[in-house]
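Structure file upload-v8.txt; described as compact mmCIF, C-alpha atoms and all ligand atoms.
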# COMPACT_ATOMS: atom_id res chain seq x y z
CA ASN A 750 -2.09 5.00 -28.07
CA ASN A 751 -2.14 7.65 -25.34
CA PRO A 752 -5.70 7.77 -24.02
CA PRO A 753 -6.62 11.02 -22.25
CA VAL A 754 -7.07 10.84 -18.47
CA THR A 755 -8.73 12.90 -15.76
CA VAL A 756 -6.98 12.97 -12.38
CA LEU A 757 -9.08 13.85 -9.30
CA GLY A 758 -6.92 14.73 -6.31
CA LEU A 759 -3.61 16.53 -6.50
CA GLY A 760 -2.01 15.57 -3.23
CA ALA A 761 1.57 14.32 -3.29
CA MET A 762 0.49 11.12 -5.06
CA GLY A 763 -2.08 12.61 -7.44
CA ARG A 764 0.50 15.16 -8.61
CA ALA A 765 3.06 12.41 -9.22
CA LEU A 766 0.51 10.41 -11.25
CA ALA A 767 -0.52 13.44 -13.33
CA ARG A 768 3.11 14.42 -13.90
CA THR A 769 3.90 10.91 -15.13
CA LEU A 770 0.90 10.82 -17.46
CA LEU A 771 1.87 14.16 -18.98
CA ALA A 772 5.48 13.08 -19.43
CA ALA A 773 4.26 9.99 -21.29
CA GLY A 774 2.11 12.10 -23.63
CA HIS A 775 -1.38 11.46 -22.22
CA PRO A 776 -3.67 14.48 -22.47
CA THR A 777 -4.48 15.10 -18.78
CA THR A 778 -7.21 17.08 -17.07
CA VAL A 779 -6.77 17.73 -13.35
CA TRP A 780 -8.99 18.78 -10.46
CA ASN A 781 -8.26 19.40 -6.79
CA ARG A 782 -10.46 20.70 -3.95
CA THR A 783 -7.93 23.31 -2.91
CA PRO A 784 -6.71 25.46 -5.80
CA GLY A 785 -3.05 26.18 -6.42
CA LYS A 786 -1.69 22.63 -6.48
CA ASP A 787 -1.85 22.32 -10.26
CA ASP A 788 0.38 25.18 -11.39
CA GLU A 789 3.34 22.95 -12.20
CA LEU A 790 1.04 20.47 -13.99
CA VAL A 791 -0.69 23.16 -16.04
CA ALA A 792 2.74 24.48 -17.00
CA ALA A 793 3.54 20.93 -18.18
CA GLY A 794 0.43 20.84 -20.34
CA ALA A 795 -2.43 19.71 -18.06
CA VAL A 796 -5.89 21.21 -18.39
CA ARG A 797 -7.32 22.64 -15.16
CA ALA A 798 -10.98 21.74 -14.55
CA ALA A 799 -12.99 24.22 -12.49
CA THR A 800 -15.33 21.60 -11.03
CA VAL A 801 -15.35 17.85 -10.45
CA ALA A 802 -18.21 17.56 -12.94
CA ASP A 803 -16.14 19.34 -15.60
CA ALA A 804 -13.18 17.08 -14.87
CA VAL A 805 -15.27 13.91 -15.10
CA ALA A 806 -16.98 15.12 -18.29
CA ALA A 807 -13.62 15.76 -19.94
CA HIS A 808 -12.41 12.17 -20.47
CA ARG A 809 -13.62 8.59 -20.38
CA ILE A 810 -10.85 7.44 -18.00
CA VAL A 811 -11.28 9.07 -14.59
CA LEU A 812 -8.60 8.40 -12.04
CA ALA A 813 -9.20 9.23 -8.36
CA CYS A 814 -6.37 9.52 -5.83
CA LEU A 815 -7.90 11.13 -2.75
CA LEU A 816 -7.25 10.79 0.96
CA THR A 817 -9.81 8.07 1.77
CA ASN A 818 -12.69 6.28 0.06
CA ASP A 819 -15.08 8.46 2.05
CA THR A 820 -13.47 11.37 0.21
CA VAL A 821 -14.06 9.61 -3.11
CA ASP A 822 -17.75 9.21 -2.28
CA GLU A 823 -17.97 12.81 -1.09
CA VAL A 824 -16.30 14.17 -4.23
CA LEU A 825 -18.29 12.05 -6.71
CA THR A 826 -21.72 12.19 -5.10
CA GLY A 827 -24.13 13.77 -7.56
CA VAL A 828 -21.59 13.77 -10.41
CA PRO A 829 -22.82 11.79 -13.45
CA LEU A 830 -20.29 9.12 -14.34
CA ASP A 831 -22.18 7.86 -17.39
CA GLY A 832 -19.94 5.96 -19.73
CA ARG A 833 -16.84 6.69 -17.65
CA ILE A 834 -14.25 4.26 -16.32
CA LEU A 835 -13.44 5.00 -12.69
CA VAL A 836 -9.94 3.96 -11.62
CA ASN A 837 -9.72 4.44 -7.87
CA LEU A 838 -6.15 4.54 -6.57
CA THR A 839 -7.16 5.71 -3.11
CA ASN A 840 -6.05 3.50 -0.21
CA GLY A 841 -8.92 1.52 1.28
CA THR A 842 -10.25 -1.84 2.40
CA PRO A 843 -11.48 -4.71 0.20
CA ALA A 844 -15.03 -4.13 1.50
CA GLN A 845 -14.88 -0.45 0.50
CA ALA A 846 -13.66 -1.38 -2.99
CA ARG A 847 -16.51 -3.86 -3.44
CA ALA A 848 -19.06 -1.30 -2.23
CA LEU A 849 -17.69 1.35 -4.62
CA ALA A 850 -17.81 -1.13 -7.52
CA THR A 851 -21.45 -1.85 -6.74
CA ALA A 852 -22.28 1.84 -6.41
CA TYR A 853 -20.49 3.02 -9.56
CA GLY A 854 -20.98 -0.04 -11.79
CA PRO A 855 -18.89 -3.23 -11.56
CA ASP A 856 -18.34 -3.22 -15.33
CA ARG A 857 -16.51 0.12 -15.25
CA TYR A 858 -14.92 0.26 -11.81
CA LEU A 859 -11.27 -0.58 -11.32
CA ASP A 860 -9.65 -0.46 -7.90
CA GLY A 861 -5.93 -0.01 -7.43
CA GLY A 862 -3.25 -0.21 -4.76
CA ILE A 863 -0.16 1.87 -5.37
CA MET A 864 3.00 0.13 -4.16
CA ALA A 865 5.29 3.14 -4.48
CA VAL A 866 5.86 6.55 -2.95
CA PRO A 867 5.38 9.70 -5.05
CA PRO A 868 9.05 10.18 -6.07
CA THR A 869 9.28 6.60 -7.36
CA ILE A 870 6.12 6.70 -9.51
CA GLY A 871 7.10 5.81 -13.06
CA GLY A 872 10.41 4.34 -11.89
CA PRO A 873 11.65 0.73 -12.08
CA HIS A 874 10.66 -0.20 -8.50
CA ALA A 875 7.06 1.06 -8.63
CA PHE A 876 4.21 -1.39 -9.09
CA VAL A 877 0.47 -0.92 -8.89
CA LEU A 878 -2.07 -3.65 -8.21
CA TYR A 879 -5.46 -3.58 -9.92
CA SER A 880 -8.72 -5.50 -9.59
CA GLY A 881 -12.26 -5.12 -10.82
CA SER A 882 -13.54 -4.72 -14.36
CA ALA A 883 -11.22 -6.47 -16.87
CA PRO A 884 -12.47 -4.42 -19.86
CA ALA A 885 -11.85 -1.22 -17.88
CA TYR A 886 -8.34 -2.43 -17.06
CA ASP A 887 -7.62 -3.28 -20.70
CA GLU A 888 -8.78 0.13 -21.86
CA ALA A 889 -6.91 2.13 -19.20
CA ARG A 890 -3.79 -0.03 -19.32
CA PRO A 891 -1.63 2.21 -21.54
CA ALA A 892 -2.11 5.02 -19.03
CA LEU A 893 -1.75 2.78 -15.97
CA GLU A 894 1.51 1.29 -17.22
CA THR A 895 3.17 4.70 -17.08
CA PHE A 896 3.08 4.56 -13.25
CA GLY A 897 5.15 1.39 -12.97
CA GLU A 898 4.45 -2.29 -13.48
CA ALA A 899 0.67 -2.77 -13.68
CA ARG A 900 -0.55 -6.06 -12.23
CA TYR A 901 -4.19 -7.12 -12.68
CA LEU A 902 -5.29 -9.52 -9.95
CA GLY A 903 -8.83 -10.42 -11.02
CA ALA A 904 -12.45 -9.38 -11.33
CA ASP A 905 -13.18 -9.24 -7.59
CA PRO A 906 -12.75 -5.48 -6.93
CA GLY A 907 -11.48 -6.19 -3.40
CA LEU A 908 -8.40 -8.15 -4.47
CA ALA A 909 -6.11 -5.15 -5.07
CA ALA A 910 -6.92 -3.68 -1.66
CA LEU A 911 -6.42 -7.07 0.00
CA HIS A 912 -2.94 -7.42 -1.49
CA ASP A 913 -2.12 -3.76 -0.83
CA ILE A 914 -3.15 -4.03 2.82
CA ALA A 915 -1.24 -7.30 3.25
CA LEU A 916 1.90 -5.72 1.77
CA LEU A 917 1.52 -2.65 3.97
CA SER A 918 1.01 -4.90 6.99
CA GLY A 919 4.32 -6.62 6.25
CA MET A 920 5.98 -3.25 5.81
CA TYR A 921 4.66 -1.83 9.07
CA GLY A 922 5.71 -4.95 10.96
CA MET A 923 9.20 -4.43 9.56
CA VAL A 924 9.13 -0.71 10.39
CA GLY A 925 8.20 -1.55 13.99
CA GLY A 926 11.27 -3.75 14.28
CA VAL A 927 13.47 -1.20 12.54
CA LEU A 928 12.40 1.63 14.84
CA HIS A 929 12.95 -0.52 17.90
CA ALA A 930 16.41 -1.54 16.70
CA LEU A 931 17.42 2.05 15.92
CA ALA A 932 16.05 3.29 19.25
CA LEU A 933 18.03 0.57 21.05
CA VAL A 934 21.41 1.40 19.50
CA ARG A 935 20.79 5.15 19.93
CA ALA A 936 19.92 4.65 23.60
CA ALA A 937 23.18 2.74 24.02
CA GLY A 938 25.14 5.63 22.46
CA VAL A 939 25.76 3.94 19.10
CA SER A 940 25.24 5.92 15.89
CA ALA A 941 22.01 4.89 14.19
CA THR A 942 23.49 5.99 10.86
CA GLY A 943 26.53 3.80 11.37
CA PHE A 944 24.34 0.86 12.35
CA ALA A 945 21.84 1.25 9.49
CA PRO A 946 23.84 -0.61 6.78
CA LEU A 947 24.10 -3.66 9.06
CA LEU A 948 20.36 -3.57 9.68
CA THR A 949 19.60 -3.28 5.96
CA ARG A 950 21.93 -6.19 5.23
CA TRP A 951 20.32 -8.35 7.91
CA LEU A 952 16.73 -7.58 6.88
CA THR A 953 17.55 -8.24 3.22
CA ALA A 954 19.01 -11.63 4.14
CA MET A 955 16.04 -12.48 6.38
CA ALA A 956 13.53 -11.50 3.69
CA GLY A 957 14.75 -14.64 1.94
CA GLY A 958 12.68 -16.62 4.45
CA VAL A 959 9.33 -15.26 3.28
CA GLY A 960 8.94 -17.97 0.64
CA ARG A 961 9.64 -20.74 3.18
CA TYR A 962 7.09 -19.31 5.61
CA ALA A 963 4.54 -19.04 2.80
CA ALA A 964 5.08 -22.68 1.76
CA GLN A 965 4.63 -23.77 5.39
CA LEU A 966 1.36 -21.83 5.65
CA ASP A 967 -0.01 -23.11 2.34
CA ALA A 968 0.77 -26.68 3.40
CA GLY A 969 -0.40 -26.16 6.99
CA GLU A 970 2.88 -27.79 7.99
CA TYR A 971 4.66 -25.49 10.39
CA GLY A 972 7.30 -28.11 11.12
CA ARG A 973 8.42 -28.47 7.49
CA ASP A 974 11.92 -27.35 6.50
CA VAL A 975 12.50 -25.73 9.87
CA VAL A 976 15.70 -23.72 9.98
CA SER A 977 15.51 -22.28 13.50
CA ASN A 978 13.07 -23.99 15.85
CA LEU A 979 10.55 -22.01 17.86
CA GLY A 980 11.63 -23.43 21.24
CA MET A 981 15.13 -22.02 20.73
CA GLN A 982 13.79 -18.67 19.53
CA ALA A 983 11.36 -18.34 22.45
CA ALA A 984 14.16 -19.16 24.91
CA ALA A 985 16.23 -16.27 23.53
CA TRP A 986 13.35 -13.78 23.47
CA ASP A 987 13.89 -12.39 26.97
CA ASN A 988 17.34 -11.28 25.83
CA LEU A 989 15.66 -8.85 23.44
CA THR A 990 13.29 -7.33 25.98
CA ASP A 991 15.83 -7.38 28.84
CA THR A 992 18.40 -5.54 26.72
CA ALA A 993 15.83 -2.96 25.64
CA ARG A 994 14.73 -2.26 29.21
CA ALA A 995 18.34 -2.09 30.40
CA GLU A 996 18.85 0.74 27.86
CA GLY A 997 15.61 2.48 28.83
CA VAL A 998 13.73 1.42 25.68
CA ASP A 999 10.14 0.23 26.05
CA PRO A 1000 9.86 -3.04 24.05
CA ARG A 1001 6.16 -2.53 23.32
CA LEU A 1002 6.59 -2.76 19.54
CA LEU A 1003 8.04 -6.26 19.86
CA ALA A 1004 6.29 -7.57 22.97
CA PRO A 1005 3.17 -9.09 21.32
CA LEU A 1006 5.31 -11.32 19.09
CA GLY A 1007 7.26 -12.62 22.08
CA ASP A 1008 4.05 -13.46 23.94
CA LEU A 1009 2.75 -15.45 20.96
CA MET A 1010 6.08 -17.21 20.47
CA ARG A 1011 6.15 -18.38 24.07
CA ARG A 1012 2.54 -19.61 23.95
CA ARG A 1013 3.05 -21.59 20.75
CA ALA A 1014 6.49 -22.88 21.76
CA ALA A 1015 5.04 -24.37 24.95
CA ASP A 1016 3.29 -27.09 22.87
CA HIS A 1017 5.12 -26.92 19.54
CA PRO A 1018 8.80 -26.21 20.21
CA ASP A 1019 9.93 -28.01 17.05
CA GLU A 1020 7.89 -25.88 14.66
CA ASP A 1021 9.03 -22.81 12.76
CA LEU A 1022 7.78 -19.32 13.69
CA THR A 1023 4.82 -19.83 11.34
CA GLY A 1024 2.89 -21.91 13.90
CA ILE A 1025 2.08 -18.59 15.57
CA VAL A 1026 -0.58 -17.92 12.91
CA GLU A 1027 -2.74 -20.56 14.59
CA LEU A 1028 -2.99 -18.18 17.54
CA LEU A 1029 -4.09 -15.32 15.26
CA LYS A 1030 -7.30 -17.02 14.19
CA GLU A 1031 -10.16 -15.08 15.69
CA THR A 1032 -13.15 -17.06 16.77
CA ALA A 1033 -16.49 -15.53 15.83
P1 LIG B 1101 -2.16 13.96 0.40
O1 LIG B 1101 -2.50 14.15 1.83
O2 LIG B 1101 -0.94 14.57 -0.16
O3 LIG B 1101 -3.40 14.45 -0.51
C1 LIG B 1101 -4.73 14.16 -0.15
C2 LIG B 1101 -5.64 14.54 -1.29
O4 LIG B 1101 -7.01 14.28 -0.91
C3 LIG B 1101 -5.57 16.02 -1.68
O5 LIG B 1101 -5.81 16.15 -3.06
C4 LIG B 1101 -6.74 16.58 -0.86
O6 LIG B 1101 -7.23 17.79 -1.38
C5 LIG B 1101 -7.75 15.49 -1.05
N1 LIG B 1101 -8.82 15.56 -0.06
C6 LIG B 1101 -8.75 15.26 1.25
N2 LIG B 1101 -9.95 15.45 1.83
C7 LIG B 1101 -10.79 15.90 0.86
C8 LIG B 1101 -12.16 16.25 0.82
N3 LIG B 1101 -12.93 16.16 1.91
N4 LIG B 1101 -12.68 16.64 -0.36
C9 LIG B 1101 -11.92 16.71 -1.49
N5 LIG B 1101 -10.62 16.37 -1.52
C10 LIG B 1101 -10.06 15.97 -0.36
O7 LIG B 1101 -2.17 12.37 0.15
P2 LIG B 1101 -1.45 11.55 -1.02
O8 LIG B 1101 -1.66 12.24 -2.31
O9 LIG B 1101 -0.08 11.18 -0.62
O10 LIG B 1101 -2.31 10.21 -0.99
C11 LIG B 1101 -3.50 10.04 -1.78
C12 LIG B 1101 -3.91 8.58 -1.72
O11 LIG B 1101 -2.83 7.79 -2.21
C13 LIG B 1101 -4.20 8.09 -0.28
O12 LIG B 1101 -5.30 7.23 -0.28
C14 LIG B 1101 -2.92 7.38 0.09
O13 LIG B 1101 -3.13 6.38 1.09
C15 LIG B 1101 -2.52 6.78 -1.26
N6 LIG B 1101 -1.09 6.45 -1.31
C16 LIG B 1101 -0.15 7.38 -0.96
C17 LIG B 1101 1.18 7.04 -0.94
C18 LIG B 1101 2.22 8.03 -0.53
O14 LIG B 1101 3.35 7.61 -0.22
N7 LIG B 1101 1.94 9.33 -0.55
C19 LIG B 1101 1.63 5.66 -1.30
C20 LIG B 1101 0.57 4.81 -1.76
C21 LIG B 1101 -0.73 5.18 -1.72
P3 LIG B 1101 -6.73 19.21 -0.78
O15 LIG B 1101 -5.46 19.56 -1.52
O16 LIG B 1101 -7.87 20.10 -1.09
O17 LIG B 1101 -6.54 19.03 0.70
Please rewrite the model in this file as structure tokens.
Ligand code: NDP
Amino acid sequence: NNPPVTVLGLGAMGRALARTLLAAGHPTTVWNRTPGKDDELVAAGAVRAATVADAVAAHRIVLACLLTNDTVDEVLTGVPLDGRILVNLTNGTPAQARALATAYGPDRYLDGGIMAVPPTIGGPHAFVLYSGSAPAYDEARPALETFGEARYLGADPGLAALHDIALLSGMYGMVGGVLHALALVRAAGVSATGFAPLLTRWLTAMAGGVGRYAAQLDAGEYGRDVVSNLGMQAAAWDNLTDTARAEGVDPRLLAPLGDLMRRRAADHPDEDLTGIVELLKETA
């Protein structure tokens, strides 16, 4: 069961998706705004569509992987999607996904969040989150499972984007800390490459705390199963920023967290770090 697929968008990710579909034996039609990005795919058996309309007309499963959801709208405006399933793997917000589902038909719109980079598509670490039409997911599933683990989150089209954005938020928070740490050791004359294995080891060990934080948030009990209390952590915070400044490194990537820690620790020194989320609640 190798349903044929149309791929709109042959950037780094669209090419990886099309390559993976072809390797798994799915007849694949491809389209890209700028010509010349499909040579390798055509050589591997893809059919080149001259226009978006031709590409969409070719197969029932239409997969879009374009720069933004504005691009998706721009590319598909005026193109009849009758009877097609639209699988949109473009990064976007939950609100955009819901609006696209309404515009293109909630019963045949599937939104997706790719949790992989192009070289890892189809590999053991790749996973892709989906939400929206369940029948569309079931029909496209054999194709979608070629990209990595496919995880369907529910009928609300915004759910995949919500999870995707939350995962990216965690990643960027980590990257901010990583860049600061590497800049600090470099500024002090220590090899970043030599330091990197220690940083990886430490972050891997600390990632073990995510489940504890999550349980504290779900229970609303920030003082439950505390391992390192906030008062202690806030008291040590100046050591981070003082050391950075002493080495000529601006601590701006870390500074907001320290400010929140100090504010929360003033009244709740016995909690875990999670109490900080109370300070993130925006009032209308
Ligand atoms: P690229 O920048 O490599 O490709 C962008 C694609 O969008 C190209 O096909 C480009 O066409 C097309 N495009 C941009 N503007 C327009 C337009 N106005 N009209 C028509 N086509 C347009 O990005 P990626 O392929 O890496 O990313 C695609 C999507 O996948 C993004 O939403 C990204 O966030 C998401 N993603 C990417 C990951 C990654 O690591 N690369 C990881 C997870 C998700 P053209 O060739 O003509 O410029």
note = Pairwise distance, atom O17 of ligand LIG 1101 (chain B) with CA of Asp819 (chain A), equals 13.7 Å
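Computed from the coordinates, the CA of Leu933 (chain A) to CA of Ala954 (chain A) distance equals 20.9 Å.
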inquiry  = as a PyMOL selection string, please: every protein or nucleic acid residue near ligand LIG 1101 (chain B) (cut-off 7 Å, counting all atoms listed in the file).
reply    = chain A and resi 758-763+781-783+786+814-817+820+823-824+838-841+862-867
Find the smallest box with edges along x, y and z containing every listed atom of region 997-1009 of chain A, then add 4 Å on each side and report centre and edge lengths in Å to one decimal, as AutoDock Vina command-line options.
--center_x 9.2 --center_y -6.5 --center_z 24.0 --size_x 20.9 --size_y 25.9 --size_z 17.7
message = What's around His775 (chain A) at 10 Å? Count all atoms listed in the file, leave out sequence neighbours fewer than 6 positions away in its own chain, and write the answer as a PyMOL selection string.
response = chain A and resi 750-755+767-769+794-795+891-892+895
Output C-alpha atoms for every residue in the selection just made, as a PDB file, in the frame of the given file.
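Output contents, as saved in again-v5.pdb:
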ATOM      1  CA  ASN A 750      -2.090   5.000 -28.070  1.00  0.00           C
ATOM      2  CA  ASN A 751      -2.140   7.650 -25.340  1.00  0.00           C
ATOM      3  CA  PRO A 752      -5.700   7.770 -24.020  1.00  0.00           C
ATOM      4  CA  PRO A 753      -6.620  11.020 -22.250  1.00  0.00           C
ATOM      5  CA  VAL A 754      -7.070  10.840 -18.470  1.00  0.00           C
ATOM      6  CA  THR A 755      -8.730  12.900 -15.760  1.00  0.00           C
ATOM      7  CA  ALA A 767      -0.520  13.440 -13.330  1.00  0.00           C
ATOM      8  CA  ARG A 768       3.110  14.420 -13.900  1.00  0.00           C
ATOM      9  CA  THR A 769       3.900  10.910 -15.130  1.00  0.00           C
ATOM     10  CA  GLY A 794       0.430  20.840 -20.340  1.00  0.00           C
ATOM     11  CA  ALA A 795      -2.430  19.710 -18.060  1.00  0.00           C
ATOM     12  CA  PRO A 891      -1.630   2.210 -21.540  1.00  0.00           C
ATOM     13  CA  ALA A 892      -2.110   5.020 -19.030  1.00  0.00           C
ATOM     14  CA  THR A 895       3.170   4.700 -17.080  1.00  0.00           C
TER      15      THR A 895
END
ask   = What's the 12 Å shell around region 898-905 of chain A, counting all atoms listed in the file, without same-chain residues fewer than 4 positions away, as a PyMOL selection string?
value = chain A and resi 843-844+846-851+855-865+869-887+889-894+909-913
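Proximity of A:Leu966, A:Ala802, A:Leu1002, A:Phe896 to Val924 (chain A), computed with all atoms listed in the file, is greatest for A:Leu1002.
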query = Using only C-alpha atoms, which of the listed residues (A:Gln965, A:Ala930, A:Arg1012, A:Leu908) sits closest to Pro1000 (chain A)?
reply = A:Ala930
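Interatomic distance, CA of Leu1028 (chain A) to CA of Ser977 (chain A): 19.4 Å.
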inquiry  = Which residues are near region 1014-1021 of chain A? Cut-off 6 Å, all atoms listed in the file, ignore same chain within fewer than 6 positions. Put them as JSON, numbers by chain.
reply    = {"A": [971, 972, 975, 978, 979, 980]}
Those same residues - C-alpha atoms - I'd like them written as a compact mmCIF listing (two decimals), keeping the file's coordinate frame.
# COMPACT_ATOMS: atom_id res chain seq x y z
CA TYR A 971 4.66 -25.49 10.39
CA GLY A 972 7.30 -28.11 11.12
CA VAL A 975 12.50 -25.73 9.87
CA ASN A 978 13.07 -23.99 15.85
CA LEU A 979 10.55 -22.01 17.86
CA GLY A 980 11.63 -23.43 21.24
Nearby residues (all atoms listed in the file) at most 12 Å from Val934 (chain A), same-chain spacing under 2 positions excluded, as a VMD selection string = chain A and resid 927 to 932 936 to 945 947 to 948 992 to 993 995 to 998
task = Write out as a ChimeraX atom specification which residues come within 9 Å of Ala806 (chain A) when counting all atoms listed in the file, dropping same-chain ones fewer than 4 positions away.
result = /A:755,801-802,829-831,833
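With only C-alpha atoms as the atoms that count, the residue of A:Gly957, A:Pro776, A:Gly1007, A:Gly969 with the shortest distance to Ala985 (chain A) is A:Gly1007.
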